[in-house]
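Notes to accompany the following structure.
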2 protein chains.
Amino acid sequence: MEELLKRAFSGDPRAVGRLISLVESETSDAKELMKQIYPRTGKAQVIGVTGSPGAGKSTFVDRLISHYKNDGKKVGVIAIDPSSPYTGGAILGDRLRMQSHALDSDVFIRSMGSRGNLGGVSRATHEAALILDACGYDVVIIETVGVGQSEVDIVKIADTVCLVLVPGMGDDVQIMKAGIMEIADIFVINKSDKEGADKVASDVQLMLKLIGEKEWIPPVVMVSSYKNTGVEHVKAALDDHATYLASSEEGKRRRYSKLEMEVEAILRGEISLLVEKVWNKERESGILDRLACRDCDPYTLASEIITEIVK
Amino acid sequence: MEELLKRAFSGDPRAVGRLISLVESETSDAKELMKQIYPRTGKAQVIGVTGSPGAGKSTFVDRLISHYKNDGKKVGVIAIDPSSPYTGGAILGDRLRMQSHALDSDVFIRSMGSRGNLGGVSRATHEAALILDACGYDVVIIETVGVGQSEVDIVKIADTVCLVLVPGMGDDVQIMKAGIMEIADIFVINKSDKEGADKVASDVQLMLKLIGEKEWIPPVVMVSSYKNTGVEHVKAALDDHATYLASSEEGKRRRYSKLEMEVEAILRGEISLLVEKVWNKERESGILDRLACRDCDPYTLASEIITEIVK
């Protein structure tokens, strides 16, 4: 483990990958690992990229990576794949559009399942982002599935959220309705050469006015990932937002709120483990038979268990 | 409290309503209350009615109530209303279609919010069902919102799940895909006089064959709530299923699995309260500042909090 960490911290991508696998498989080592990782975190800029399937998120991320690479920065990418809540298996996306960086040692790309958290951003995703941060990746990009909860959850992990919209998809209005507007720091209007792109941009501007003025006014940037235009403006906006977060009260508020959510998520996990342990012991002693015939009740039983384990 | 319980147990609907309000508001009395309630539970048949919005669940439930009433049975209905995840407020549905029983003392109808559990079936809903059971309602019907998690969660509370489907809604296939098929014990094809109803029924039969033979083969019943036809067949199927559950290994397995989930939910709630208390204390003592400058890490902190609480 010591050896693995040393190699990962020195920038060996295979060691980094193994660390992520360890947190993904939720072994008991994972927690000890994260205790070692954590002190080195807090340096990377964590960018969430969200938007409907088909909005061209992967291609956009591919272009963005190039811009960061030109600046000499190391980039880590976590692409969240949809996974069935019933089988628990992740369908690995092909991520073909990011393959231009596949052999590049300064770019680390990893697909992760979204299982466990209702299609959302799981604890493992967060821990993978922390690992990349600790291992010297200057920028960590998390690309969401683009469906449901993951879009709202990304705000719990990312410093800056980019929402990618495209013309000609009826669901733009859906996105605006679903509370995604509120979490976007930067709006990326992709496929800007397509008809209707201007309309999407002006709709977003209008919605932003309706939401009301805030300290940070989310820029709306026209991009064509295909033609590779406009991406530099997104990068400039990302830099601006990082500066804003570093210097503003809102930035501090967000960092603290993220820390809170982090501790609470870990605590929830610990609580579940604890419950499982004490409850398994009771179950073996035939308590279910007694409950079934109403010889005792779950409320009294829970109180008893709590009294037994709590100081 | 003693007085209130006595009145509720003797069948006073206003007292029953007050008990439900108590568990809904999560006062500290609620737990003591449930300890008194629980020994009297386990007699009612708890029926979950789920299906997409627009499938005519409320009208169907209204008709079903009439059939039970004709048998001289007391019926309690809990209608779960959607509540916004953002404001936390429940939008009370009008439930107009059940008003034919509104002034009937043998029928108790209550709308409850679904807040807290991601649009699902909350602990308060479960406790309300237990209260109705304890207060002498022979049948307890829980009508879900019909969106997302609530449809899968209903299986944790209900003895028998009725899935209401209608022709002409594109989402039937969606429902079949989303794992709802597996939890339905009875399929109700509503609006059976409409074109396409036979097709829905045969699609369901086909899907059931694909899932594979089970001990209980879910009947597919054609119903027109509007014309009030076929509902008696659903009631017969509900009776059959109750008999099946009472006499089979599967029935016992289900009862035990529900008890387990019940205890685990209560335990998680209890431990969460304890953890919250310690965590709030930590927060006040400026732990977030220490976390922010990486002077400590959330993993070690979580371990310390748990150690502080647990023996």
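Identifiers in this document derive from the order of the structure tokens: chains are assigned A, B, ..., residues are numbered from 1 separately in each chain, and ligands are numbered from 1 in order of occurrence.
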Only residues of chain A matter here; which ones have an atom within 8 Å of chain B, counting only C-alpha atoms? Give them as a ChimeraX atom specification.
/A:31,34-35,38-41,86,255-256,259-260,262-263,266-268,270-272,275-276,279,288,291-292,294-302,306,309-311
Please identify all polymer residues within 10 Å of Met1 (chain A), counting only C-alpha atoms, omitting same-chain residues fewer than 3 positions from it, and present them as a PDB file with N, CA, C and O atoms, in the first residue's frame.
```pdb
ATOM      1  N   LEU A   4       2.394   1.580  -3.302  1.00  0.00           N
ATOM      2  CA  LEU A   4       1.403   1.984  -4.302  1.00  0.00           C
ATOM      3  C   LEU A   4       1.143   3.491  -4.221  1.00  0.00           C
ATOM      4  O   LEU A   4       1.118   4.198  -5.235  1.00  0.00           O
ATOM      5  N   LEU A   5       0.985   3.979  -2.990  1.00  0.00           N
ATOM      6  CA  LEU A   5       0.739   5.413  -2.795  1.00  0.00           C
ATOM      7  C   LEU A   5       1.910   6.238  -3.303  1.00  0.00           C
ATOM      8  O   LEU A   5       1.734   7.265  -3.965  1.00  0.00           O
ATOM      9  N   LYS A   6       3.112   5.775  -2.991  1.00  0.00           N
ATOM     10  CA  LYS A   6       4.308   6.517  -3.411  1.00  0.00           C
ATOM     11  C   LYS A   6       4.353   6.638  -4.927  1.00  0.00           C
ATOM     12  O   LYS A   6       4.591   7.722  -5.473  1.00  0.00           O
ATOM     13  N   ARG A   7       4.066   5.522  -5.578  1.00  0.00           N
ATOM     14  CA  ARG A   7       4.085   5.528  -7.043  1.00  0.00           C
ATOM     15  C   ARG A   7       2.989   6.434  -7.599  1.00  0.00           C
ATOM     16  O   ARG A   7       3.217   7.181  -8.556  1.00  0.00           O
ATOM     17  N   LEU A  19      -5.488   2.759  -7.358  1.00  0.00           N
ATOM     18  CA  LEU A  19      -6.090   3.407  -6.186  1.00  0.00           C
ATOM     19  C   LEU A  19      -7.590   3.607  -6.402  1.00  0.00           C
ATOM     20  O   LEU A  19      -8.407   3.349  -5.518  1.00  0.00           O
ATOM     21  N   ASP A  29      -9.721  -1.454   3.049  1.00  0.00           N
ATOM     22  CA  ASP A  29      -8.521  -0.625   2.934  1.00  0.00           C
ATOM     23  C   ASP A  29      -8.860   0.793   2.478  1.00  0.00           C
ATOM     24  O   ASP A  29      -8.123   1.737   2.754  1.00  0.00           O
ATOM     25  N   GLU A  32      -8.680   3.699   4.953  1.00  0.00           N
ATOM     26  CA  GLU A  32      -7.307   4.008   5.362  1.00  0.00           C
ATOM     27  C   GLU A  32      -6.584   4.766   4.250  1.00  0.00           C
ATOM     28  O   GLU A  32      -5.860   5.730   4.487  1.00  0.00           O
ATOM     29  N   LEU A  33      -6.831   4.298   3.034  1.00  0.00           N
ATOM     30  CA  LEU A  33      -6.253   4.924   1.851  1.00  0.00           C
ATOM     31  C   LEU A  33      -6.638   6.390   1.786  1.00  0.00           C
ATOM     32  O   LEU A  33      -5.799   7.281   1.602  1.00  0.00           O
TER      33      LEU A  33
END
```
Just checking: using only C-alpha atoms, which residue out of A:Gln205, A:Ser58, A:Ser248, A:Thr50 ends up closest to Asp153 (chain A)?
A:Thr50
Which residues, written as a ChimeraX atom specification, have at least one atom at most 7 Å from Lys73 (chain B), with only C-alpha atoms counted and residues fewer than 4 positions away on the same chain left out?
/B:68-69,138
Can I get the selection written as a PDB file, in the first residue's frame, with all heavy atoms?
```pdb
ATOM      1  N   TYR B  68     -65.312  -3.257  -0.956  1.00  0.00           N
ATOM      2  CA  TYR B  68     -64.982  -3.665   0.404  1.00  0.00           C
ATOM      3  C   TYR B  68     -66.075  -3.240   1.380  1.00  0.00           C
ATOM      4  O   TYR B  68     -66.406  -3.956   2.315  1.00  0.00           O
ATOM      5  CB  TYR B  68     -63.612  -3.106   0.822  1.00  0.00           C
ATOM      6  CG  TYR B  68     -62.466  -3.926   0.273  1.00  0.00           C
ATOM      7  CD1 TYR B  68     -61.588  -3.389  -0.643  1.00  0.00           C
ATOM      8  CD2 TYR B  68     -62.289  -5.248   0.672  1.00  0.00           C
ATOM      9  CE1 TYR B  68     -60.533  -4.140  -1.157  1.00  0.00           C
ATOM     10  CE2 TYR B  68     -61.251  -6.008   0.159  1.00  0.00           C
ATOM     11  CZ  TYR B  68     -60.374  -5.450  -0.754  1.00  0.00           C
ATOM     12  OH  TYR B  68     -59.357  -6.210  -1.253  1.00  0.00           O
ATOM     13  N   LYS B  69     -66.624  -2.059   1.145  1.00  0.00           N
ATOM     14  CA  LYS B  69     -67.685  -1.558   2.015  1.00  0.00           C
ATOM     15  C   LYS B  69     -68.907  -2.471   1.971  1.00  0.00           C
ATOM     16  O   LYS B  69     -69.520  -2.749   2.997  1.00  0.00           O
ATOM     17  CB  LYS B  69     -68.085  -0.143   1.589  1.00  0.00           C
ATOM     18  CG  LYS B  69     -67.564   0.932   2.518  1.00  0.00           C
ATOM     19  CD  LYS B  69     -67.922   2.306   2.019  1.00  0.00           C
ATOM     20  CE  LYS B  69     -69.407   2.458   1.712  1.00  0.00           C
ATOM     21  NZ  LYS B  69     -69.673   3.763   1.053  1.00  0.00           N
ATOM     22  N   ASP B 138     -59.822  -2.859   8.179  1.00  0.00           N
ATOM     23  CA  ASP B 138     -59.545  -4.211   7.691  1.00  0.00           C
ATOM     24  C   ASP B 138     -58.659  -4.194   6.459  1.00  0.00           C
ATOM     25  O   ASP B 138     -57.880  -5.109   6.209  1.00  0.00           O
ATOM     26  CB  ASP B 138     -60.861  -4.922   7.339  1.00  0.00           C
ATOM     27  CG  ASP B 138     -61.833  -4.906   8.492  1.00  0.00           C
ATOM     28  OD1 ASP B 138     -61.543  -5.582   9.500  1.00  0.00           O
ATOM     29  OD2 ASP B 138     -62.855  -4.187   8.411  1.00  0.00           O
TER      30      ASP B 138
END
```
CA of Glu250 (chain A) to CA of Ile186 (chain A), distance in Å rounded to a single decimal
15.8 Å
Contacts of His67 (chain B) within 8 Å, only C-alpha atoms, excl. fewer than 2 positions in-chain, as a list in words:
Arg63, Leu64, Ile65, Lys69, Asn70, Asp71, Val231, Glu232 and Lys235 of chain B
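Close contacts of Arg110 (chain A), defined as residues with an atom at most 10 Å away when counting only C-alpha atoms, with chain neighbours fewer than 4 positions off set aside, comprise A:Gly17, A:Ile20, A:Gly76, A:Val77, A:Ile78, A:Ala79, A:Ile80, A:Arg95, A:Ala128, A:Ile142.
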Based on the backbone DSSP call, show me all residues of region 182-265 of chain A assigned alpha helix (DSSP H), as a VMD selection string.
chain A and resid 197 to 211 231 to 247 249 to 265
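Our summary of the geometry notes that CA of Leu206 (chain A) is positioned 14.4 Å from CA of Ile189 (chain A).
The residue set within 12 Å of Lys74 (chain B), counting only C-alpha atoms and dropping same-chain residues fewer than 3 places from it, reads Gly11, Pro13, Ala44, Gln45, Ile65, Ser66, His67, Tyr68, Lys69, Asn70, Asp71, Val77, His101, Asp104, Ser105, Asp106, Val107, Phe108, Ile109, Leu132, Asp133, Cys135, Gly136, Tyr137, Asp138, Val139, Val140 and Ile141 of chain B.
Note that the spacing between CA of Val234 (chain B) and CA of Glu213 (chain B) amounts to 20.9 Å.
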Please list as a PyMOL selection string every residue within 9 Å of Met181 (chain B), counting only C-alpha atoms and excluding residues in the same chain fewer than 6 positions away.
chain B and resi 163+175+187+204+207-208+211
Keeping only N, CA, C and O atoms, write the selected residues to a file as a JSON list (two decimals), in the first residue's frame.
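Saved to part01.json:
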```json
[["chain", "number", "residue", "atom", "x", "y", "z"],
["B", 163, "LEU", "N", -50.59, -3.07, -9.98],
["B", 163, "LEU", "CA", -50.07, -2.11, -10.94],
["B", 163, "LEU", "C", -51.18, -1.78, -11.95],
["B", 163, "LEU", "O", -51.69, -2.68, -12.62],
["B", 175, "ILE", "N", -42.52, 1.44, -17.87],
["B", 175, "ILE", "CA", -42.82, 0.78, -16.61],
["B", 175, "ILE", "C", -42.27, -0.64, -16.62],
["B", 175, "ILE", "O", -41.65, -1.10, -15.67],
["B", 187, "PHE", "N", -52.05, -7.30, -12.02],
["B", 187, "PHE", "CA", -52.06, -6.26, -13.04],
["B", 187, "PHE", "C", -53.49, -5.83, -13.32],
["B", 187, "PHE", "O", -54.34, -6.68, -13.60],
["B", 204, "VAL", "N", -48.41, -7.55, -21.33],
["B", 204, "VAL", "CA", -48.08, -7.88, -19.95],
["B", 204, "VAL", "C", -47.92, -9.40, -19.80],
["B", 204, "VAL", "O", -46.95, -9.88, -19.21],
["B", 207, "MET", "N", -44.63, -10.40, -21.19],
["B", 207, "MET", "CA", -43.54, -10.02, -20.28],
["B", 207, "MET", "C", -43.46, -10.99, -19.10],
["B", 207, "MET", "O", -42.38, -11.37, -18.67],
["B", 208, "LEU", "N", -44.64, -11.36, -18.58],
["B", 208, "LEU", "CA", -44.66, -12.28, -17.43],
["B", 208, "LEU", "C", -44.05, -13.61, -17.80],
["B", 208, "LEU", "O", -43.33, -14.22, -17.01],
["B", 211, "ILE", "N", -40.31, -13.23, -17.80],
["B", 211, "ILE", "CA", -39.74, -13.19, -16.44],
["B", 211, "ILE", "C", -39.62, -14.60, -15.89],
["B", 211, "ILE", "O", -38.71, -14.91, -15.12]]
```
